[in-house]
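For reference, input.cif is printed below; it contains mmCIF, C-alpha atoms.
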```cif
data_entry
#
loop_
_atom_site.label_atom_id
_atom_site.label_comp_id
_atom_site.auth_asym_id
_atom_site.auth_seq_id
_atom_site.Cartn_x
_atom_site.Cartn_y
_atom_site.Cartn_z
CA MET X 6 -26.11 -11.23 -10.93
CA SER X 7 -26.21 -9.89 -7.38
CA VAL X 8 -25.58 -11.90 -4.24
CA ILE X 9 -26.89 -10.85 -0.81
CA ILE X 10 -24.77 -11.89 2.19
CA ALA X 11 -26.67 -11.68 5.48
CA SER X 12 -25.50 -12.20 9.05
CA PRO X 13 -26.98 -15.16 10.99
CA ALA X 14 -28.89 -12.74 13.23
CA GLY X 15 -30.31 -10.98 10.20
CA GLY X 16 -29.09 -7.53 11.29
CA ILE X 17 -26.48 -6.93 8.59
CA ALA X 18 -26.86 -7.56 4.87
CA LEU X 19 -24.37 -6.87 2.10
CA LYS X 20 -25.36 -6.81 -1.56
CA THR X 21 -22.61 -7.53 -4.06
CA SER X 22 -22.18 -9.00 -7.51
CA ARG X 23 -21.24 -12.65 -7.97
CA ARG X 24 -18.10 -11.56 -9.85
CA ARG X 25 -16.99 -9.41 -6.91
CA LEU X 26 -17.70 -12.20 -4.44
CA LEU X 27 -15.70 -14.72 -6.46
CA ALA X 28 -12.87 -12.20 -6.90
CA GLY X 29 -12.76 -11.64 -3.14
CA ILE X 30 -12.67 -15.39 -2.45
CA PHE X 31 -9.89 -15.83 -5.01
CA LEU X 32 -7.80 -13.06 -3.43
CA CYS X 33 -8.27 -14.50 0.07
CA LEU X 34 -7.26 -17.99 -1.08
CA ALA X 35 -4.23 -16.56 -2.89
CA GLY X 36 -3.18 -14.74 0.27
CA LEU X 37 -3.60 -17.93 2.31
CA GLY X 38 -1.44 -19.86 -0.15
CA ILE X 39 1.31 -17.24 -0.05
CA GLY X 40 1.16 -17.25 3.73
CA ILE X 41 1.59 -21.01 4.00
CA TRP X 42 4.47 -20.91 1.51
CA THR X 43 6.13 -18.08 3.43
CA LEU X 44 5.86 -19.84 6.79
CA ALA X 45 6.95 -23.21 5.43
CA SER X 46 9.96 -22.30 3.28
CA GLY X 47 13.40 -21.07 4.25
CA ASP X 48 16.64 -22.32 5.74
CA TYR X 49 14.55 -24.24 8.29
CA PRO X 50 11.73 -25.83 6.21
CA LEU X 51 8.48 -26.78 7.89
CA THR X 52 5.52 -28.85 6.79
CA PHE X 53 1.95 -27.61 6.83
CA TYR X 54 1.14 -29.82 9.82
CA GLU X 55 4.14 -28.49 11.76
CA ILE X 56 2.97 -24.93 11.09
CA LEU X 57 -0.55 -25.82 12.18
CA ASP X 58 0.82 -27.40 15.34
CA VAL X 59 2.78 -24.23 16.17
CA VAL X 60 -0.25 -22.00 15.55
CA ARG X 61 -2.26 -24.19 17.94
CA GLY X 62 0.37 -23.65 20.63
CA GLY X 63 2.36 -26.85 20.16
CA GLY X 64 5.49 -27.74 18.24
CA ASP X 65 9.10 -27.81 19.35
CA GLU X 66 10.95 -24.71 20.56
CA THR X 67 12.85 -24.17 17.30
CA ALA X 68 9.72 -24.37 15.15
CA ARG X 69 7.89 -21.96 17.45
CA MET X 70 10.74 -19.46 17.27
CA VAL X 71 10.99 -19.70 13.47
CA VAL X 72 7.25 -19.25 12.92
CA MET X 73 6.18 -16.94 15.71
CA GLU X 74 9.28 -14.77 16.07
CA TRP X 75 10.68 -14.57 12.54
CA ARG X 76 8.34 -15.51 9.71
CA LEU X 77 4.83 -14.73 10.95
CA PRO X 78 5.47 -11.09 12.02
CA ARG X 79 7.12 -10.41 8.69
CA PHE X 80 4.29 -11.93 6.69
CA LEU X 81 1.62 -10.14 8.74
CA ALA X 82 3.48 -6.87 8.24
CA ALA X 83 3.47 -7.48 4.48
CA LEU X 84 -0.28 -8.15 4.55
CA VAL X 85 -1.12 -5.06 6.61
CA ALA X 86 1.23 -2.69 4.80
CA GLY X 87 0.10 -4.00 1.41
CA ALA X 88 -3.55 -3.53 2.34
CA MET X 89 -2.90 0.04 3.47
CA LEU X 90 -1.06 0.88 0.25
CA GLY X 91 -3.67 -0.81 -1.95
CA LEU X 92 -6.46 1.11 -0.23
CA ALA X 93 -4.53 4.39 -0.48
CA GLY X 94 -4.03 3.88 -4.21
CA ALA X 95 -7.70 3.07 -4.74
CA LEU X 96 -8.75 6.23 -2.89
CA PHE X 97 -6.48 8.45 -4.98
CA GLN X 98 -7.42 6.83 -8.29
CA SER X 99 -11.10 7.21 -7.47
CA VAL X 100 -10.83 10.83 -6.32
CA PHE X 101 -8.72 11.99 -9.26
CA ARG X 102 -10.40 9.62 -11.77
CA ASN X 103 -6.97 8.67 -13.06
CA PRO X 104 -5.51 5.12 -13.11
CA LEU X 105 -2.00 6.57 -12.66
CA ALA X 106 -2.90 8.53 -9.53
CA SER X 107 -1.12 6.94 -6.58
CA PRO X 108 0.93 8.38 -3.70
CA ASP X 109 4.23 7.14 -5.15
CA VAL X 110 3.67 8.44 -8.70
CA MET X 111 2.22 11.79 -7.54
CA GLY X 112 5.16 12.56 -5.26
CA PHE X 113 3.36 12.17 -1.93
CA ASP X 114 5.52 9.22 -0.89
CA ALA X 115 8.65 11.19 -1.78
CA GLY X 116 7.43 13.98 0.51
CA ALA X 117 6.76 11.46 3.27
CA HIS X 118 10.21 9.97 2.71
CA PHE X 119 11.81 13.41 3.04
CA GLY X 120 9.90 14.17 6.24
CA ALA X 121 10.92 10.84 7.74
CA VAL X 122 14.57 11.40 6.77
CA VAL X 123 14.50 14.80 8.48
CA ALA X 124 13.03 13.21 11.61
CA MET X 125 15.71 10.51 11.64
CA LEU X 126 18.77 12.65 10.90
CA VAL X 127 17.84 15.89 12.65
CA PHE X 128 15.65 14.80 15.57
CA GLY X 129 17.04 11.32 16.22
CA GLY X 130 14.15 9.14 15.06
CA GLY X 131 11.62 7.24 17.14
CA PHE X 132 8.28 6.04 15.83
CA PHE X 133 6.21 9.09 16.68
CA LEU X 134 8.79 11.56 15.36
CA VAL X 135 9.30 9.59 12.14
CA ALA X 136 5.55 9.10 11.68
CA GLY X 137 4.94 12.80 12.28
CA GLY X 138 7.69 13.72 9.85
CA ALA X 139 6.30 11.37 7.20
CA LEU X 140 2.78 12.72 7.60
CA SER X 141 4.01 16.32 7.47
CA GLY X 142 6.20 15.70 4.42
CA GLY X 143 3.39 13.93 2.58
CA ALA X 144 0.98 16.77 3.38
CA VAL X 145 3.46 19.40 2.14
CA ALA X 146 3.96 17.45 -1.10
CA ALA X 147 0.18 17.16 -1.59
CA LEU X 148 -0.25 20.89 -0.96
CA ALA X 149 2.52 21.70 -3.44
CA VAL X 150 0.92 19.54 -6.13
CA TYR X 151 -2.47 21.13 -5.47
CA LEU X 152 -1.07 24.67 -5.73
CA PHE X 153 0.69 23.91 -9.01
CA VAL X 154 -2.28 22.28 -10.72
CA ALA X 155 -4.77 24.80 -9.29
CA ARG X 156 -8.23 23.65 -10.37
CA GLY X 157 -7.06 20.97 -12.79
CA LEU X 158 -7.14 18.00 -10.43
CA SER X 159 -7.15 15.36 -13.11
CA GLY X 160 -5.39 14.34 -16.28
CA PHE X 161 -1.85 14.45 -17.59
CA ARG X 162 -0.90 17.70 -15.84
CA LEU X 163 -1.59 16.28 -12.39
CA ILE X 164 0.71 13.30 -12.94
CA VAL X 165 3.55 15.35 -14.47
CA VAL X 166 3.45 17.91 -11.66
CA GLY X 167 3.36 15.12 -9.08
CA ILE X 168 6.40 13.42 -10.61
CA GLY X 169 8.27 16.74 -10.62
CA ILE X 170 7.44 17.48 -6.98
CA GLY X 171 8.46 13.95 -6.05
CA GLN X 172 11.85 14.34 -7.72
CA LEU X 173 12.47 17.59 -5.84
CA PHE X 174 11.77 15.90 -2.51
CA PHE X 175 13.91 12.92 -3.51
CA ALA X 176 16.82 15.23 -4.35
CA ALA X 177 16.41 16.99 -1.00
CA SER X 178 16.49 13.63 0.80
CA GLN X 179 19.69 12.65 -1.01
CA TRP X 180 21.30 15.97 -0.08
CA LEU X 181 20.49 15.35 3.59
CA LEU X 182 22.06 11.90 3.39
CA LEU X 183 25.25 13.40 1.95
CA GLN X 184 25.47 15.80 4.88
CA ALA X 185 24.94 13.08 7.50
CA GLY X 186 27.55 10.90 9.15
CA GLU X 187 28.47 7.62 7.50
CA GLU X 188 26.73 5.34 10.02
CA ALA X 189 23.49 7.37 10.07
CA ALA X 190 23.48 7.72 6.28
CA VAL X 191 23.88 3.97 5.76
CA ALA X 192 21.04 3.20 8.19
CA VAL X 193 18.67 5.71 6.60
CA ALA X 194 19.62 4.63 3.08
CA SER X 195 18.91 1.00 3.97
CA TRP X 196 15.50 1.99 5.36
CA GLY X 197 14.92 4.08 2.22
CA LEU X 198 14.94 0.98 0.04
CA GLY X 199 11.79 -0.33 1.74
CA SER X 200 12.39 -3.52 3.66
CA LEU X 201 10.67 -6.02 5.95
CA ASN X 202 13.94 -7.73 6.90
CA ASP X 203 14.08 -6.22 10.39
CA MET X 204 10.38 -6.40 11.17
CA ASP X 205 9.67 -7.11 14.83
CA LYS X 206 6.57 -7.32 17.00
CA SER X 207 6.76 -3.71 18.19
CA ARG X 208 6.77 -2.27 14.67
CA LEU X 209 4.10 -4.77 13.67
CA ALA X 210 1.98 -3.49 16.55
CA TYR X 211 2.37 0.12 15.38
CA LEU X 212 1.49 -0.95 11.85
CA GLY X 213 -1.57 -2.83 13.08
CA ILE X 214 -2.79 0.12 15.16
CA SER X 215 -2.36 2.42 12.15
CA ALA X 216 -4.41 0.06 10.00
CA VAL X 217 -7.17 -0.25 12.62
CA LEU X 218 -7.45 3.54 12.84
CA LEU X 219 -7.33 4.30 9.11
CA VAL X 220 -8.60 1.34 7.06
CA PRO X 221 -12.23 1.40 8.33
CA PRO X 222 -12.69 5.15 7.59
CA GLY X 223 -11.20 4.55 4.15
CA LEU X 224 -13.57 1.70 3.39
CA LEU X 225 -16.54 3.71 4.63
CA LEU X 226 -15.85 6.24 1.87
CA ALA X 227 -16.74 3.69 -0.83
CA ARG X 228 -20.37 4.73 -1.18
CA SER X 229 -19.54 8.46 -1.27
CA LEU X 230 -16.83 7.90 -3.87
CA ARG X 231 -19.24 5.86 -5.95
CA GLN X 232 -21.63 8.82 -5.95
CA LEU X 233 -18.77 11.21 -6.70
CA GLU X 234 -17.77 9.29 -9.81
CA LEU X 235 -21.19 10.06 -11.27
CA GLY X 236 -20.28 13.75 -11.31
CA ASP X 237 -20.39 16.62 -8.84
CA ALA X 238 -23.87 17.77 -9.88
CA ILE X 239 -25.44 14.36 -9.30
CA ALA X 240 -23.50 13.94 -6.05
CA ARG X 241 -24.80 17.25 -4.73
CA GLY X 242 -28.29 16.21 -5.72
CA THR X 243 -28.01 13.20 -3.42
CA GLY X 244 -26.89 15.40 -0.51
CA LEU X 245 -23.15 14.74 -0.83
CA ASP X 246 -20.51 17.45 -0.42
CA PRO X 247 -17.95 16.68 -3.19
CA GLY X 248 -15.22 18.90 -1.74
CA ARG X 249 -15.45 17.38 1.72
CA THR X 250 -15.51 13.85 0.31
CA ARG X 251 -12.39 14.46 -1.80
CA LEU X 252 -10.55 16.03 1.11
CA SER X 253 -11.47 13.14 3.41
CA ALA X 254 -10.29 10.55 0.88
CA ILE X 255 -7.03 12.41 0.23
CA LEU X 256 -6.27 12.79 3.94
CA VAL X 257 -6.96 9.12 4.67
CA GLY X 258 -4.91 8.04 1.64
CA LEU X 259 -2.03 10.29 2.66
CA ALA X 260 -2.05 8.96 6.21
CA LEU X 261 -2.13 5.33 5.01
CA SER X 262 0.84 5.70 2.67
CA ALA X 263 2.86 7.97 4.99
CA LEU X 264 2.61 5.63 7.97
CA VAL X 265 3.66 2.66 5.84
CA THR X 266 6.64 4.73 4.69
CA ALA X 267 7.52 5.61 8.29
CA LEU X 268 7.41 2.00 9.50
CA VAL X 269 8.62 0.01 6.49
CA GLY X 270 10.21 2.52 4.16
CA PRO X 271 9.10 3.61 0.69
CA ILE X 272 7.38 0.75 -1.14
CA GLY X 273 6.78 1.65 -4.77
CA PHE X 274 4.06 0.58 -7.22
CA ILE X 275 1.84 -1.41 -4.82
CA ALA X 276 -0.54 1.55 -4.47
CA LEU X 277 -0.50 2.01 -8.25
CA VAL X 278 -0.99 -1.60 -9.38
CA ALA X 279 -3.28 -3.07 -6.70
CA PRO X 280 -6.39 -0.97 -7.54
CA GLN X 281 -5.97 -1.73 -11.24
CA ILE X 282 -5.79 -5.47 -10.54
CA ALA X 283 -8.87 -5.15 -8.35
CA ARG X 284 -10.84 -3.43 -11.12
CA ARG X 285 -9.85 -6.10 -13.63
CA LEU X 286 -10.85 -8.89 -11.28
CA THR X 287 -14.22 -7.33 -10.50
CA ALA X 288 -14.73 -6.52 -14.21
CA ASP X 289 -16.29 -3.12 -13.60
CA GLY X 290 -15.19 0.48 -13.28
CA ASP X 291 -16.74 0.91 -9.86
CA VAL X 292 -14.90 1.63 -6.63
CA ALA X 293 -13.37 -1.62 -5.36
CA LEU X 294 -11.69 -0.56 -2.13
CA VAL X 295 -11.84 -3.93 -0.36
CA HIS X 296 -10.49 -5.78 -3.38
CA ALA X 297 -7.73 -3.19 -3.82
CA ALA X 298 -6.67 -3.70 -0.21
CA LEU X 299 -6.66 -7.49 -0.65
CA ALA X 300 -4.69 -7.19 -3.90
CA GLY X 301 -2.17 -4.92 -2.17
CA SER X 302 -1.70 -7.49 0.60
CA ILE X 303 -1.09 -10.28 -1.90
CA LEU X 304 1.28 -8.19 -4.03
CA LEU X 305 3.46 -7.16 -1.09
CA GLY X 306 3.35 -10.63 0.47
CA ALA X 307 4.36 -12.27 -2.82
CA SER X 308 7.04 -9.63 -3.44
CA ASP X 309 8.57 -10.18 -0.01
CA LEU X 310 8.51 -13.94 -0.53
CA LEU X 311 10.29 -13.42 -3.85
CA ALA X 312 12.82 -11.12 -2.16
CA GLN X 313 13.66 -13.92 0.27
CA LYS X 314 14.07 -16.48 -2.53
CA ILE X 315 16.31 -14.48 -4.89
CA PRO X 316 19.95 -15.50 -4.32
CA SER X 317 22.01 -12.52 -3.17
CA GLY X 318 24.89 -11.73 -0.89
CA MET X 319 22.62 -9.86 1.54
CA PRO X 320 18.88 -9.78 2.38
CA LEU X 321 17.10 -8.17 -0.56
CA PRO X 322 14.74 -5.29 0.35
CA VAL X 323 11.19 -5.85 -0.83
CA GLY X 324 11.10 -2.32 -2.24
CA VAL X 325 13.60 -3.37 -4.91
CA VAL X 326 11.34 -6.26 -5.97
CA THR X 327 8.23 -4.06 -6.14
CA LEU X 328 10.09 -1.56 -8.34
CA VAL X 329 11.04 -4.34 -10.77
CA LEU X 330 7.50 -5.73 -10.80
CA GLY X 331 6.12 -2.23 -11.29
CA GLY X 332 8.42 -1.69 -14.26
CA LEU X 333 7.24 -4.97 -15.79
CA TRP X 334 3.63 -3.89 -15.21
CA PHE X 335 4.24 -0.64 -17.08
CA PHE X 336 5.94 -2.55 -19.89
CA TRP X 337 2.92 -4.87 -20.16
CA LEU X 338 0.55 -1.87 -20.24
CA LEU X 339 2.59 -0.31 -23.06
CA LEU X 340 2.48 -3.53 -25.06
CA ARG X 341 -1.24 -3.91 -24.44
CA SER X 342 -2.00 -0.33 -25.40
CA GLY X 343 0.09 -0.78 -28.55
CA ARG X 344 -1.92 -3.86 -29.55
CA VAL X 345 -5.19 -2.06 -28.85
CA GLY X 346 -4.06 0.94 -30.90
CA THR X 347 -3.01 -1.27 -33.82
CA SER X 348 -6.26 -3.21 -33.82
#
```
Before we go any further, please render this structure as structure tokens.
Amino acid sequence: MSVIIASPAGGIALKTSRRRLLAGIFLCLAGLGIGIWTLASGDYPLTFYEILDVVRGGGDETARMVVMEWRLPRFLAALVAGAMLGLAGALFQSVFRNPLASPDVMGFDAGAHFGAVVAMLVFGGGFFLVAGGALSGGAVAALAVYLFVARGLSGFRLIVVGIGIGQLFFAASQWLLLQAGEEAAVAVASWGLGSLNDMDKSRLAYLGISAVLLVPPGLLLARSLRQLELGDAIARGTGLDPGRTRLSAILVGLALSALVTALVGPIGFIALVAPQIARRLTADGDVALVHAALAGSILLGASDLLAQKIPSGMPLPVGVVTLVLGGLWFFWLLLRSGRVGTS
């Protein structure tokens, strides 16, 4: 059953299925719950009413510092970065028609990681240099994958080539770290685990600007990608240029994942898992870009909350948690596919 959501002025109307609407509401409520838990828990616990008081501009000085300076920027960064990764994964999986197609599995994140490492160790870092290095490295990795697979842009070959290219870039990054000084190598290696521990308002601002510039163009591709999934012949019949649409989606997806890598570090499996969760929640095989972005936000927010709760001698990077969760996801898929095959 379809539901039509109209603006009060009657100028904008959005048609969606009831299942998609309920899935979106569920994801938003889940994100709100994780946010409240994140802001309330920690070495300095706060109640919901204390958090609400701080958000309204009240509260004591300690509570304001804990919420506004420490916990809220970190949680917002998790939401924004997760949304960018979830959207990037959905774009790649739709373009390549492959549920395993994501920037981390296909080697694009490894290329972005290498470019960022070069910018840090050779040129001294800085947001614009690191972002430029990440974008350049991701683009080189994507070009290498494209040249190796030639016209076969889907299927098993694409994933295997992407994994191979990613391992080459990872090895090159490790070689650079071995050549660097001890202090620089430790700093870059810590960043390379993917962490929100040192998130501040300036990096959050850069992350927010990146999302504002890239997320809307990505979401606007939903209709074109929906036509593209019907086949190139049908897409051309509706006036769509399949090549230009694919290139646009790949460029936006690359930029989304590369900028997250530059600002937060490599975060694995969010881009892979979030679109699959979105498709299961919406119960259709259609493009679900908004739901993938919401699922990515929740996954990264929950992973960072878990990283803060796991007892350890030092702050645990969220990238470690996402790798573990991604491994469990793969294990569940293997078990599920085994049961399906047996039945």
Item to check | Expected selection from the PyMOL selection byres ((chain X and resi 244-259) around 8), given as an MDAnalysis selection string | outcome: chainID X and resid 92:94 96:97 100 108 113 140 143:144 219 222:223 226 229:230 232:233 237 240:243 260:263
Checklist entry - Pick the closest to Ser195 of chain X from X:Ala86, X:Leu212, X:Leu264, X:Leu321: which is it, counting all atoms listed in the file? => result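 Of all the options, X:Leu321 lies closest to Ser195 of chain X.
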Next on the checklist: If the PyMOL selection byres ((chain X and resi 308-315) around 9) were run on this exact file, what residues would it hold? Put them as an MDAnalysis selection string.
Outcome noted: chainID X and resid 39 42:43 47 79:80 83 200:201 303:307 316:317 320:327 330
Using all atoms listed in the file, find each residue in segment 79-122 of chain X having at least one atom no more than 7 Å away from segment 266-284 of chain X; report its shortest atom-to-atom pair and that distance in Å (one decimal), rows by chain then rising number, as CSV.
```
residue,atom,partner,partner_atom,distance
X:Gly87,CA,X:Ile275,CA,7.0
X:Leu90,CA,X:Ala276,CA,4.8
X:Gly91,CA,X:Ala276,CA,4.7
X:Ala93,CA,X:Ala276,CA,6.3
X:Gly94,CA,X:Ala276,CA,4.2
X:Ala95,CA,X:Pro280,CA,5.1
X:Leu105,CA,X:Leu277,CA,6.5
X:Ser107,CA,X:Leu277,CA,5.2
X:Asp109,CA,X:Gly273,CA,6.1
X:Asp114,CA,X:Pro271,CA,6.8
X:Ala117,CA,X:Thr266,CA,6.9
X:His118,CA,X:Thr266,CA,6.6
X:Ala121,CA,X:Ala267,CA,6.3
```
Next on the checklist: I'd like the interatomic distance between atom CA of Glu234 of chain X and atom CA of Met89 of chain X, to a tenth of an Å.
Outcome noted: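 Going from atom CA of Glu234 of chain X over to atom CA of Met89 of chain X covers 22.0 Å.
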Item to check | All residues 12 Å or closer to segment 51-60 of chain X, only C-alpha atoms, same chain fewer than 3 positions away omitted, as a list in words | outcome: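 Residues meeting the cut-off are Gly38, Gly40, Ile41, Trp42, Thr43, Leu44, Ala45, Ser46, Gly47, Asp48, Gly63, Gly64, Asp65, Glu66, Thr67, Ala68, Arg69, Met70, Val71, Val72, Met73, Glu74, Arg76 and Leu77 of chain X.
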How about saving the chosen residues, C-alpha atoms kept, as a tab-separated table (two decimals), keeping the file's coordinate frame?
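Written output follows (result28.tsv):
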```
chain	number	residue	atom	x	y	z
X	38	GLY	CA	-1.44	-19.86	-0.15
X	40	GLY	CA	1.16	-17.25	3.73
X	41	ILE	CA	1.59	-21.01	4.00
X	42	TRP	CA	4.47	-20.91	1.51
X	43	THR	CA	6.13	-18.08	3.43
X	44	LEU	CA	5.86	-19.84	6.79
X	45	ALA	CA	6.95	-23.21	5.43
X	46	SER	CA	9.96	-22.30	3.28
X	47	GLY	CA	13.40	-21.07	4.25
X	48	ASP	CA	16.64	-22.32	5.74
X	63	GLY	CA	2.36	-26.85	20.16
X	64	GLY	CA	5.49	-27.74	18.24
X	65	ASP	CA	9.10	-27.81	19.35
X	66	GLU	CA	10.95	-24.71	20.56
X	67	THR	CA	12.85	-24.17	17.30
X	68	ALA	CA	9.72	-24.37	15.15
X	69	ARG	CA	7.89	-21.96	17.45
X	70	MET	CA	10.74	-19.46	17.27
X	71	VAL	CA	10.99	-19.70	13.47
X	72	VAL	CA	7.25	-19.25	12.92
X	73	MET	CA	6.18	-16.94	15.71
X	74	GLU	CA	9.28	-14.77	16.07
X	76	ARG	CA	8.34	-15.51	9.71
X	77	LEU	CA	4.83	-14.73	10.95
```
Next on the checklist: What's the separation between atom CA of Ala88 of chain X and atom CA of His296 of chain X, in Å to one decimal place?
Outcome noted: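 Separating atom CA of Ala88 of chain X from atom CA of His296 of chain X is a distance of 9.3 Å.
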Item to check | Nearest-residue call for Ala115 of chain X, choices X:Ala297, X:Leu339, X:Ile214, X:Leu173, using all atoms listed in the file | outcome: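 Smallest distance to Ala115 of chain X is found for X:Leu173.
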Item to check | Nearest candidate to Gly120 of chain X (options X:Gly36, X:Gly236, X:Gly167, X:Gly197; using all atoms listed in the file) | outcome: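 Using all atoms listed in the file, the shortest distance to Gly120 of chain X belongs to X:Gly197.
Reported to one decimal place, the separation of atom CA of Met204 of chain X from atom CA of Trp75 of chain X is 8.3 Å.
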